[in-house]
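**Q** Starting off with a structure, shown below.
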Amino acid sequence: MYKTPCCRLSGLVGLSVKQKLVLNVPQCNQSARNLIQLHRRDPSNWLTYQHLIFLKRQYVIKNSELHQRAIPKQAPALTIVNEREDTIERRVQRIPTIDPADRHTVSQPEDVNSEAQPGISTLKPVAEDAAEQRDSVSGTVGTSHETPHVHVETDKAKEERLDRQWKQLKVIVADLPDVYAKLAKIKLTALVVTSAAAGFAMAPVPFDPLLFFVSSLGIGLASCTANTINQFFEVPFDSNMNRTKNRPLVRGQISPLHAVSFALACGIPGVALLTLAVNPLTGFLGALNIFLYTCCYTPLKRLSITNTWVGAVVGALPPVMGWTAATGCLGQGALLMGGFLYCWQFPHFNALSWNLREDYSRGGYRMMSVTHPSMCKRVALRHSLGLIGLSTLAPVLDVTTWTFPIISLPINLYISYLAFRFYREGDRGSARKLFFCSLWHLPMLLLLAFTCKKPRRDPEEPPAAALALALQSSLPS
């Protein structure tokens, strides 16, 4: 049988490959030329110095001894057209005016770029003017020589430059009390504890100082937790508002992990204290209040105006918790005290948010004052009038005497009058007056309710008539 040698077979294969390459060479050359032309047409694809700028950054960052400052950019060249000859233009660099204070920084000016053709007499005046300007500049500069503009960085300048750069967060121990106070919103927490104390004092039971202290401490810790978690969630939005841009998390005074740790360190002992040392009902209301404020009210602020009503429920719970801490159960008085706080918050917060509409709009919060301004004024007036009705309902529910609705009527009418002015005018002045009135109205109303508290009746003690009859029967005849 005939067999083809391997050398002949390899020769045939090489010949066929060579023929195919010869046929494809013109197409490959054409493709290469097209690519080169396309690359030349689009200069954005060129490899320029800007692609290697990261090397310069690395060198400047890693070599701390290199501290240079760029030479100031000179003024651009201006085009001066000789009107006597429309066909000839000359580009002359206009030298800027030299300030005597900056003479030491001025370098020798560059020569004027002359593009004039020889033999043209019309360009002589322009050339003479440029020469005079060059001579005057050289005379003012004197014998100064061009030196490299090198700036030696001082220690103070270096410290300021490093402060402007990203650096590791350092917590200053001396500032921690102030940081924690801002995280807890100490003024708001004080208002929460005060309203809870009012609910505790209005309860128809004997006053227990130790129980009062423990319940106030637990409610205060729960409030600190809710406020801290609220700031943790709203850091990117608080940075856009003038009212909240100086909060610790926004300024970077404390890390988010540190803030959450502080919230847990307050919340867990607070709820445990209310549950174990007071009663489970108060502990449940404390945990519910934290949940409503952080998981319902905070996200709703960017979704719907119903956040105001949810926030009013959150603010109405502290006096209810004070009542349950004293009595161990919910009663009509607890709901009445919560109703006072619920109605009071609408004129208070609506007036506050009215003058902060620009801030809330920049932060992306959907408040009534931003999206529904007319509703904002109506709701404030409606709930201001509701305070009068609740004050009248207090003696009906056997919480206060009938003196309370009478002596509280003037302050309730005054805040209603300011709410009506806010409803009619809707300007910054009326909103400001309503807000400042609400600041003293609530403590005054709670104080009047406490002074008119109905005397406690102990069911174990016999009535006065039965006691007198028992005394008469015990006397000898």
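Here, A, B, ... name the chains of the structure tokens in the order displayed, residue numbers run from 1 inside each chain, and ligands are numbered from 1 in the same displayed order.
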In segment 141-364 of chain A, what's alpha helix (DSSP H) per DSSP? Answer as a ChimeraX atom specification?

**A** /A:141,155-164,176-183,186-202,209-233,235-238,248-251,256-272,280-291,298-300,307-327,332-354,357-363

**Q** Between atom CA of Met202 of chain A and atom CA of Asn227 of chain A, what is the distance in Å, rounded to a tenth?

**A** 26.6 Å

**Q** List the spatial neighbours of Leu413 of chain A as a list of chain:residue names - criterion: any atom at most 10 Å away, only C-alpha atoms, same-chain residues fewer than 4 positions off excluded.

**A**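 Counting only the stated atoms, we get A:Ser384, A:Leu385, A:Leu387, A:Ile388, A:Ser408, A:Leu409, A:Tyr417, A:Leu418, A:Ala419.
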
**Q** What does the structure give for the distance between atom CA of Pro204 of chain A and atom CA of His383 of chain A, in Å to one decimal?

**A**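 These atoms are spaced 27.1 Å apart.
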
**Q** Within 9 Å of Ala312 of chain A, counting only C-alpha atoms, which residues show up once you throw out same-chain ones fewer than 3 positions away? Write them as a list in words, please.

**A**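 With the cut-off at 9 Å, the set is Asn307, Thr308, Trp309, Gly315, Ala316, Leu317, Leu341, Tyr342, Cys343, Trp344, Gln345 and Phe346 of chain A.
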
**Q** Could you give me, as a ChimeraX atom specification, the residues within 10 Å of Leu303 of chain A, counting only C-alpha atoms and dropping anything in the same chain fewer than 5 positions from it?

**A** /A:297-298,364-367

**Q** Given the selection you just returned, output its residues as a file containing N, CA, C and O atoms, formatted as a PDB file, in the first residue's frame.

**A**
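Below is the file that was written, selection.pdb:
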ATOM      1  N   TYR A 297     -42.275  56.067  62.793  1.00  0.00           N
ATOM      2  CA  TYR A 297     -42.241  57.516  62.599  1.00  0.00           C
ATOM      3  C   TYR A 297     -41.053  57.943  61.731  1.00  0.00           C
ATOM      4  O   TYR A 297     -41.210  58.754  60.810  1.00  0.00           O
ATOM      5  N   THR A 298     -39.870  57.416  62.004  1.00  0.00           N
ATOM      6  CA  THR A 298     -38.667  57.848  61.273  1.00  0.00           C
ATOM      7  C   THR A 298     -38.753  57.556  59.775  1.00  0.00           C
ATOM      8  O   THR A 298     -38.492  58.456  58.969  1.00  0.00           O
ATOM      9  N   GLY A 364     -35.724  66.368  52.321  1.00  0.00           N
ATOM     10  CA  GLY A 364     -36.581  65.365  51.687  1.00  0.00           C
ATOM     11  C   GLY A 364     -37.666  64.821  52.583  1.00  0.00           C
ATOM     12  O   GLY A 364     -38.180  63.720  52.336  1.00  0.00           O
ATOM     13  N   TYR A 365     -38.055  65.571  53.627  1.00  0.00           N
ATOM     14  CA  TYR A 365     -39.085  65.107  54.551  1.00  0.00           C
ATOM     15  C   TYR A 365     -40.460  65.618  54.101  1.00  0.00           C
ATOM     16  O   TYR A 365     -40.611  66.793  53.758  1.00  0.00           O
ATOM     17  N   ARG A 366     -41.446  64.729  54.152  1.00  0.00           N
ATOM     18  CA  ARG A 366     -42.804  65.064  53.741  1.00  0.00           C
ATOM     19  C   ARG A 366     -43.593  65.493  54.981  1.00  0.00           C
ATOM     20  O   ARG A 366     -44.238  64.682  55.637  1.00  0.00           O
ATOM     21  N   MET A 367     -43.531  66.776  55.274  1.00  0.00           N
ATOM     22  CA  MET A 367     -44.269  67.347  56.387  1.00  0.00           C
ATOM     23  C   MET A 367     -45.484  68.101  55.860  1.00  0.00           C
ATOM     24  O   MET A 367     -45.512  68.549  54.715  1.00  0.00           O
TER      25      MET A 367
END
